$ cat coords_26.cif   # mmCIF, C-alpha atoms
data_protein
#
loop_
_atom_site.group_PDB
_atom_site.id
_atom_site.type_symbol
_atom_site.label_atom_id
_atom_site.label_comp_id
_atom_site.auth_asym_id
_atom_site.auth_seq_id
_atom_site.Cartn_x
_atom_site.Cartn_y
_atom_site.Cartn_z
ATOM 1 C CA MET A 1 0.000 0.000 0.000
ATOM 2 C CA THR A 2 1.260 3.469 -0.896
ATOM 3 C CA GLU A 3 1.661 6.059 1.856
ATOM 4 C CA GLN A 4 1.951 9.766 1.165
ATOM 5 C CA ARG A 5 2.448 12.821 3.361
ATOM 6 C CA LEU A 6 3.339 16.438 2.811
ATOM 7 C CA LEU A 7 6.930 17.432 3.448
ATOM 8 C CA CYS A 8 6.550 21.214 3.268
ATOM 9 C CA ASP A 9 8.196 22.238 6.526
ATOM 10 C CA GLY A 10 11.701 21.913 7.888
ATOM 11 C CA TRP A 11 13.526 22.968 4.712
ATOM 12 C CA ARG A 12 16.662 25.085 5.089
ATOM 13 C CA PHE A 13 17.141 27.631 2.319
ATOM 14 C CA ALA A 14 20.031 29.753 1.101
ATOM 15 C CA GLU A 15 20.321 31.930 -1.985
ATOM 16 C CA LEU A 16 23.847 31.750 -3.331
ATOM 17 C CA ALA A 17 25.726 33.293 -6.213
ATOM 18 C CA PRO A 18 25.170 31.523 -9.533
ATOM 19 C CA ASP A 19 27.288 28.407 -9.978
ATOM 20 C CA THR A 20 28.496 28.175 -6.365
ATOM 21 C CA PRO A 21 30.412 24.876 -6.081
ATOM 22 C CA VAL A 22 28.204 22.060 -4.793
ATOM 23 C CA PRO A 23 30.248 21.058 -1.678
ATOM 24 C CA GLU A 24 30.319 24.672 -0.505
ATOM 25 C CA ALA A 25 26.571 25.065 -1.095
ATOM 26 C CA LEU A 26 25.702 21.927 0.876
ATOM 27 C CA GLU A 27 27.527 23.245 3.944
ATOM 28 C CA VAL A 28 25.396 26.399 4.135
ATOM 29 C CA GLN A 29 22.939 26.221 7.013
ATOM 30 C CA GLY A 30 20.477 28.774 5.618
ATOM 31 C CA SER A 31 17.194 29.843 7.164
ATOM 32 C CA LEU A 32 14.146 27.667 7.765
ATOM 33 C CA VAL A 33 11.405 28.111 5.171
ATOM 34 C CA ASP A 34 8.048 26.537 4.506
ATOM 35 C CA ILE A 35 7.042 25.333 1.084
ATOM 36 C CA PRO A 36 5.713 26.841 -1.178
ATOM 37 C CA HIS A 37 8.535 29.349 -1.329
ATOM 38 C CA ASP A 38 9.555 31.986 -3.902
ATOM 39 C CA PHE A 39 13.069 33.173 -3.219
ATOM 40 C CA LEU A 40 13.110 36.046 -5.715
ATOM 41 C CA ILE A 41 10.616 38.174 -3.799
ATOM 42 C CA ARG A 42 13.018 38.565 -0.880
ATOM 43 C CA ASP A 43 14.640 41.397 -2.845
ATOM 44 C CA ALA A 44 11.764 43.092 -4.684
ATOM 45 C CA GLN A 45 14.163 45.606 -6.269
ATOM 46 C CA ARG A 46 15.951 42.757 -8.085
ATOM 47 C CA LEU A 47 13.167 40.387 -9.171
ATOM 48 C CA TYR A 48 14.902 39.558 -12.443
ATOM 49 C CA ARG A 49 18.282 38.381 -11.222
ATOM 50 C CA ASP A 50 20.390 35.307 -11.818
ATOM 51 C CA ALA A 51 20.634 33.239 -8.644
ATOM 52 C CA ASP A 52 20.885 29.714 -7.282
ATOM 53 C CA GLY A 53 18.518 28.735 -4.500
ATOM 54 C CA TRP A 54 19.425 25.745 -2.328
ATOM 55 C CA TYR A 55 16.850 23.805 -0.303
ATOM 56 C CA VAL A 56 18.208 21.198 2.130
ATOM 57 C CA ARG A 57 16.355 18.773 4.390
ATOM 58 C CA THR A 58 16.841 15.432 6.123
ATOM 59 C CA VAL A 59 14.309 12.926 4.815
ATOM 60 C CA PRO A 60 13.300 9.659 6.514
ATOM 61 C CA LEU A 61 13.662 6.479 4.456
ATOM 62 C CA ALA A 62 11.376 3.461 4.563
ATOM 63 C CA PRO A 63 13.082 0.152 5.348
ATOM 64 C CA PRO A 64 13.476 -2.283 2.428
ATOM 65 C CA PRO A 65 11.674 -3.695 0.570
ATOM 66 C CA ARG A 66 9.615 -0.494 0.575
ATOM 67 C CA ARG A 67 10.841 2.396 -1.562
ATOM 68 C CA THR A 68 10.976 6.109 -0.745
ATOM 69 C CA PHE A 69 10.261 8.905 -3.226
ATOM 70 C CA LEU A 70 10.016 12.691 -3.118
ATOM 71 C CA ARG A 71 7.431 14.281 -5.379
ATOM 72 C CA PHE A 72 7.927 17.930 -6.273
ATOM 73 C CA ASP A 73 4.662 19.379 -7.577
ATOM 74 C CA GLY A 74 6.342 22.528 -8.898
ATOM 75 C CA VAL A 75 9.908 23.865 -8.991
ATOM 76 C CA TYR A 76 10.881 26.838 -11.120
ATOM 77 C CA MET A 77 13.119 26.381 -13.003
ATOM 78 C CA TYR A 78 16.267 24.326 -13.619
ATOM 79 C CA SER A 79 16.527 21.953 -10.671
ATOM 80 C CA THR A 80 18.955 19.255 -9.600
ATOM 81 C CA VAL A 81 18.317 16.790 -6.752
ATOM 82 C CA PHE A 82 21.267 15.756 -4.569
ATOM 83 C CA VAL A 83 21.093 12.799 -2.188
ATOM 84 C CA ASP A 84 23.808 12.701 0.464
ATOM 85 C CA GLY A 85 25.893 15.071 -1.672
ATOM 86 C CA ASP A 86 25.577 13.255 -5.016
ATOM 87 C CA ALA A 87 23.593 14.659 -7.943
ATOM 88 C CA VAL A 88 21.001 11.982 -8.784
ATOM 89 C CA MET A 89 18.606 13.699 -11.196
ATOM 90 C CA ALA A 90 17.851 16.961 -12.969
ATOM 91 C CA TRP A 91 14.541 18.451 -14.044
ATOM 92 C CA LYS A 92 14.731 21.370 -16.432
ATOM 93 C CA TYR A 93 11.110 22.214 -16.999
ATOM 94 C CA GLY A 94 9.600 24.500 -14.381
ATOM 95 C CA TYR A 95 5.898 23.823 -14.905
ATOM 96 C CA THR A 96 5.502 20.086 -14.343
ATOM 97 C CA SER A 97 5.789 17.816 -11.334
ATOM 98 C CA PHE A 98 8.519 15.215 -10.982
ATOM 99 C CA GLU A 99 9.573 12.437 -8.627
ATOM 100 C CA CYS A 100 12.934 11.288 -7.394
ATOM 101 C CA GLU A 101 13.436 7.871 -5.821
ATOM 102 C CA LEU A 102 15.654 8.313 -2.782
ATOM 103 C CA SER A 103 16.012 4.667 -1.778
ATOM 104 C CA ARG A 104 18.064 3.943 -4.918
ATOM 105 C CA PHE A 105 20.776 6.338 -3.748
ATOM 106 C CA ALA A 106 20.753 6.279 0.058
ATOM 107 C CA GLN A 107 21.068 3.727 2.833
ATOM 108 C CA GLY A 108 20.024 3.743 6.447
ATOM 109 C CA ASP A 109 16.942 5.309 7.945
ATOM 110 C CA SER A 110 17.396 8.853 6.545
ATOM 111 C CA CYS A 111 19.324 10.886 3.998
ATOM 112 C CA GLN A 112 20.131 14.502 3.252
ATOM 113 C CA VAL A 113 18.256 15.845 0.227
ATOM 114 C CA ALA A 114 19.375 19.074 -1.399
ATOM 115 C CA LEU A 115 17.612 20.729 -4.298
ATOM 116 C CA ARG A 116 19.432 23.348 -6.347
ATOM 117 C CA VAL A 117 17.137 25.696 -8.262
ATOM 118 C CA ARG A 118 18.901 27.729 -10.946
ATOM 119 C CA HIS A 119 17.114 30.901 -11.973
ATOM 120 C CA ARG A 120 18.526 32.601 -15.075
ATOM 121 C CA MET A 121 17.226 35.619 -16.927
ATOM 122 C CA PRO A 122 15.696 36.097 -19.375
ATOM 123 C CA ASN A 123 13.364 33.107 -19.119
ATOM 124 C CA SER A 124 9.761 34.240 -19.199
ATOM 125 C CA ARG A 125 7.541 36.977 -20.488
ATOM 126 C CA TRP A 126 6.099 37.547 -17.025
ATOM 127 C CA TYR A 127 7.388 37.343 -13.485
ATOM 128 C CA SER A 128 8.063 33.637 -13.003
ATOM 129 C CA GLY A 129 9.227 33.470 -9.424
ATOM 130 C CA ALA A 130 11.893 30.967 -8.441
ATOM 131 C CA GLY A 131 12.028 28.070 -6.020
ATOM 132 C CA ILE A 132 9.716 25.309 -4.837
ATOM 133 C CA TYR A 133 6.376 26.950 -5.576
ATOM 134 C CA ARG A 134 4.103 23.944 -4.934
ATOM 135 C CA ASP A 135 3.925 21.104 -2.407
ATOM 136 C CA VAL A 136 6.574 18.468 -1.785
ATOM 137 C CA SER A 137 5.373 14.999 -0.769
ATOM 138 C CA LEU A 138 7.143 12.025 0.769
ATOM 139 C CA ILE A 139 5.821 8.856 -0.848
ATOM 140 C CA ILE A 140 6.453 5.308 0.373
ATOM 141 C CA ARG A 141 5.620 2.559 -2.112
ATOM 142 C CA PRO A 142 5.913 -1.215 -2.158
ATOM 143 C CA ASP A 143 8.907 -2.621 -4.008
ATOM 144 C CA HIS A 144 6.646 -3.601 -6.928
ATOM 145 C CA HIS A 145 4.409 -0.749 -8.062
ATOM 146 C CA ILE A 146 3.264 1.141 -11.123
ATOM 147 C CA PRO A 147 5.331 4.319 -11.428
ATOM 148 C CA ALA A 148 3.481 7.608 -10.980
ATOM 149 C CA ASP A 149 2.976 9.337 -14.322
ATOM 150 C CA GLY A 150 4.907 6.509 -15.907
ATOM 151 C CA LEU A 151 2.825 3.875 -17.703
ATOM 152 C CA TYR A 152 2.593 4.512 -21.424
ATOM 153 C CA CYS A 153 0.933 2.529 -24.190
ATOM 154 C CA ALA A 154 1.665 2.656 -27.893
ATOM 155 C CA SER A 155 0.181 0.670 -30.739
ATOM 156 C CA SER A 156 1.215 0.142 -34.317
ATOM 157 C CA ARG A 157 -0.436 -1.616 -37.217
ATOM 158 C CA GLN A 158 1.550 -4.532 -38.603
ATOM 159 C CA GLU A 159 1.860 -5.444 -42.303
ATOM 160 C CA ASP A 160 -0.600 -8.330 -41.846
ATOM 161 C CA GLY A 161 -3.239 -5.909 -40.521
ATOM 162 C CA SER A 162 -2.885 -6.912 -36.855
ATOM 163 C CA TRP A 163 -2.063 -4.470 -34.093
ATOM 164 C CA LEU A 164 1.006 -4.569 -31.862
ATOM 165 C CA LEU A 165 0.625 -3.076 -28.389
ATOM 166 C CA GLY A 166 3.662 -1.937 -26.393
ATOM 167 C CA LEU A 167 3.914 -0.806 -22.759
ATOM 168 C CA SER A 168 6.628 1.253 -21.140
ATOM 169 C CA CYS A 169 7.099 2.121 -17.468
ATOM 170 C CA GLU A 170 9.646 4.880 -18.065
ATOM 171 C CA ARG A 171 8.659 8.515 -17.841
ATOM 172 C CA ALA A 172 9.368 10.377 -21.030
ATOM 173 C CA GLY A 173 12.353 12.669 -20.520
ATOM 174 C CA GLY A 174 12.940 11.442 -16.963
#

$ encode --input "coords_26.cif" --output "C-alpha cells"
Amino acid sequence: MTEQRLLCDGWRFAELAPDTPVPEALEVQGSLVDIPHDFLIRDAQRLYRDADGWYVRTVPLAPPPRRTFLRFDGVYMYSTVFVDGDAVMAWKYGYTSFECELSRFAQGDSCQVALRVRHRMPNSRWYSGAGIYRDVSLIIRPDHHIPADGLYCASSRQEDGSWLLGLSCERAGG
C-alpha cells in the first residue's frame, strides 16, 4: 500500500551566487522556510536576477523492501536533486511535477536531500518566481508498483493488418 504525506516544513534555504560549487553550497545552514517558497521576492528591487537557491532537508527512508520517493509538484526552473551530496537527477522544466526515488541512492533510515534551483534571466515573459512553488510529498511505495505518471501505451499496425501493443514504465524525458 502506498503512503503519502506532505513534506513542506523543515527545509533550510540559502540563496547563493550563480554556480556556487556544490560542496560549498551543501555546507550552508540557511534559514528555515516553509514550502511553497519563492526566493526572488526577498529582494523586490531585483526580481529579475540570476541566482541559485538551495533547499536542504533530512528525509526519513522506509526500510526495504519499501521504496521512498520525493514528489515535487512545482519547482521553477532548472533543478537538480542531490542525495547525500551526489547529484542523482535533474529536471529542467519549471511547470511540471517530478519524482525522485531516494532509496536507490541512500542507505540507512534517513538521507540529506538538497535541491538546487537555478534561476537565469531572461526566461519568461512575465514574473516567473523561483524556487519550490508547490507542495513536496514524501511517498512510500511497495517494491513492486506502477510508477506515478509513468505507464505509457503505444500501438502500431503490422503489415498483416494486426495491431502490436507496447507498454513502457519509463517517464518520457525522466

$ residues_around --input "coords_26.cif" --residues "range 100-114 of chain A" --least-positions-apart "6" --cutoff "7 Å" --atoms "only C-alpha atoms" --output "MDAnalysis selection string"
chainID A and resid 54:63 67:71 81:84

$ atom_distance --input "coords_26.cif" --atom1 "CA of Phe39 in chain A" --atom2 "CA of Arg5 in chain A"
23.9 Å

$ atom_distance --input "coords_26.cif" --atom1 "CA of Asp38 in chain A" --atom2 "CA of Met89 in chain A"
21.7 Å

$ resolve_selection --input "coords_26.cif" --expression "the PyMOL selection byres ((chain A and resi 155) around 6)" --output "number ranges by chain"
A: 154, 156, 164-165

$ write_last_selection --input "coords_26.cif" --atoms "C-alpha atoms" --output "JSON list (two decimals), in the frame of the given file"
[["chain", "number", "residue", "atom", "x", "y", "z"],
["A", 154, "ALA", "CA", 1.66, 2.66, -27.89],
["A", 156, "SER", "CA", 1.22, 0.14, -34.32],
["A", 164, "LEU", "CA", 1.01, -4.57, -31.86],
["A", 165, "LEU", "CA", 0.62, -3.08, -28.39]]

$ residues_around --input "coords_26.cif" --residues "Ile35 in chain A" --least-positions-apart "6" --cutoff "8 Å" --atoms "only C-alpha atoms" --output "NGL selection string"
:A and (8-9 or 11 or 132-136)

$ atom_distance --input "coords_26.cif" --atom1 "CA of Pro21 in chain A" --atom2 "CA of Leu115 in chain A"
13.6 Å

$ residues_around --input "coords_26.cif" --residues "Ala17 in chain A" --least-positions-apart "4" --cutoff "9 Å" --atoms "only C-alpha atoms" --output "list in words"
Asp50, Ala51, Asp52 and Gly53 of chain A

$ write_last_selection --input "coords_26.cif" --atoms "C-alpha atoms" --output "PDB file, in the coordinates of the input"
ATOM      1  CA  ASP A  50      20.390  35.307 -11.818  1.00  0.00           C
ATOM      2  CA  ALA A  51      20.634  33.239  -8.644  1.00  0.00           C
ATOM      3  CA  ASP A  52      20.885  29.714  -7.282  1.00  0.00           C
ATOM      4  CA  GLY A  53      18.518  28.735  -4.500  1.00  0.00           C
TER       5      GLY A  53
END

$ closest_residue --input "coords_26.cif" --among "A:Arg118, A:Phe72, A:Ile41, A:Glu27" --to "Thr96 in chain A" --atoms "all atoms listed in the file"
A:Phe72

$ closest_residue --input "coords_26.cif" --among "A:Asp86, A:Glu24, A:Leu16, A:Trp91" --to "Leu40 in chain A" --atoms "all atoms listed in the file"
A:Leu16

$ closest_residue --input "coords_26.cif" --among "A:Arg46, A:Glu15, A:Trp163, A:Val28" --to "Gly131 in chain A" --atoms "all atoms listed in the file"
A:Glu15

$ closest_residue --input "coords_26.cif" --among "A:Arg157, A:His144, A:Arg49, A:Arg12" --to "Asp34 in chain A" --atoms "all atoms listed in the file"
A:Arg12

$ build_atoms --input "coords_26.cif" --residues "range 32-46 of chain A" --atoms "N, CA, C and O atoms" --output "PDB file, in the frame of the given file"
ATOM      1  N   LEU A  32      15.270  28.585   7.930  1.00  0.00           N
ATOM      2  CA  LEU A  32      14.146  27.667   7.765  1.00  0.00           C
ATOM      3  C   LEU A  32      13.040  28.334   6.974  1.00  0.00           C
ATOM      4  O   LEU A  32      12.688  29.484   7.234  1.00  0.00           O
ATOM      5  N   VAL A  33      12.517  27.606   5.979  1.00  0.00           N
ATOM      6  CA  VAL A  33      11.405  28.111   5.171  1.00  0.00           C
ATOM      7  C   VAL A  33      10.353  27.024   5.052  1.00  0.00           C
ATOM      8  O   VAL A  33      10.646  25.834   5.180  1.00  0.00           O
ATOM      9  N   ASP A  34       9.133  27.456   4.816  1.00  0.00           N
ATOM     10  CA  ASP A  34       8.048  26.537   4.506  1.00  0.00           C
ATOM     11  C   ASP A  34       7.796  26.575   3.005  1.00  0.00           C
ATOM     12  O   ASP A  34       7.997  27.595   2.351  1.00  0.00           O
ATOM     13  N   ILE A  35       7.364  25.468   2.499  1.00  0.00           N
ATOM     14  CA  ILE A  35       7.042  25.333   1.084  1.00  0.00           C
ATOM     15  C   ILE A  35       5.533  25.513   0.955  1.00  0.00           C
ATOM     16  O   ILE A  35       4.807  24.972   1.781  1.00  0.00           O
ATOM     17  N   PRO A  36       5.035  26.250  -0.024  1.00  0.00           N
ATOM     18  CA  PRO A  36       5.713  26.841  -1.178  1.00  0.00           C
ATOM     19  C   PRO A  36       6.549  28.059  -0.800  1.00  0.00           C
ATOM     20  O   PRO A  36       6.257  28.759   0.174  1.00  0.00           O
ATOM     21  N   HIS A  37       7.573  28.301  -1.633  1.00  0.00           N
ATOM     22  CA  HIS A  37       8.535  29.349  -1.329  1.00  0.00           C
ATOM     23  C   HIS A  37       9.060  29.943  -2.633  1.00  0.00           C
ATOM     24  O   HIS A  37       9.494  29.214  -3.511  1.00  0.00           O
ATOM     25  N   ASP A  38       9.005  31.262  -2.751  1.00  0.00           N
ATOM     26  CA  ASP A  38       9.555  31.986  -3.902  1.00  0.00           C
ATOM     27  C   ASP A  38      10.715  32.815  -3.385  1.00  0.00           C
ATOM     28  O   ASP A  38      10.518  33.759  -2.627  1.00  0.00           O
ATOM     29  N   PHE A  39      11.928  32.472  -3.798  1.00  0.00           N
ATOM     30  CA  PHE A  39      13.069  33.173  -3.219  1.00  0.00           C
ATOM     31  C   PHE A  39      13.401  34.495  -3.908  1.00  0.00           C
ATOM     32  O   PHE A  39      14.166  35.296  -3.372  1.00  0.00           O
ATOM     33  N   LEU A  40      12.815  34.772  -5.054  1.00  0.00           N
ATOM     34  CA  LEU A  40      13.110  36.046  -5.715  1.00  0.00           C
ATOM     35  C   LEU A  40      12.465  37.242  -5.014  1.00  0.00           C
ATOM     36  O   LEU A  40      13.005  38.348  -5.055  1.00  0.00           O
ATOM     37  N   ILE A  41      11.337  37.029  -4.367  1.00  0.00           N
ATOM     38  CA  ILE A  41      10.616  38.174  -3.799  1.00  0.00           C
ATOM     39  C   ILE A  41      11.276  38.739  -2.542  1.00  0.00           C
ATOM     40  O   ILE A  41      10.865  39.783  -2.047  1.00  0.00           O
ATOM     41  N   ARG A  42      12.294  38.056  -2.049  1.00  0.00           N
ATOM     42  CA  ARG A  42      13.018  38.565  -0.880  1.00  0.00           C
ATOM     43  C   ARG A  42      13.644  39.930  -1.187  1.00  0.00           C
ATOM     44  O   ARG A  42      13.761  40.781  -0.310  1.00  0.00           O
ATOM     45  N   ASP A  43      14.060  40.121  -2.427  1.00  0.00           N
ATOM     46  CA  ASP A  43      14.640  41.397  -2.845  1.00  0.00           C
ATOM     47  C   ASP A  43      13.803  41.923  -4.007  1.00  0.00           C
ATOM     48  O   ASP A  43      14.097  41.676  -5.172  1.00  0.00           O
ATOM     49  N   ALA A  44      12.727  42.637  -3.674  1.00  0.00           N
ATOM     50  CA  ALA A  44      11.764  43.092  -4.684  1.00  0.00           C
ATOM     51  C   ALA A  44      12.367  44.093  -5.666  1.00  0.00           C
ATOM     52  O   ALA A  44      11.804  44.308  -6.741  1.00  0.00           O
ATOM     53  N   GLN A  45      13.507  44.681  -5.338  1.00  0.00           N
ATOM     54  CA  GLN A  45      14.163  45.606  -6.269  1.00  0.00           C
ATOM     55  C   GLN A  45      14.949  44.859  -7.347  1.00  0.00           C
ATOM     56  O   GLN A  45      15.344  45.460  -8.338  1.00  0.00           O
ATOM     57  N   ARG A  46      15.165  43.561  -7.135  1.00  0.00           N
ATOM     58  CA  ARG A  46      15.951  42.757  -8.085  1.00  0.00           C
ATOM     59  C   ARG A  46      15.209  41.454  -8.407  1.00  0.00           C
ATOM     60  O   ARG A  46      15.755  40.362  -8.260  1.00  0.00           O
TER      61      ARG A  46
END
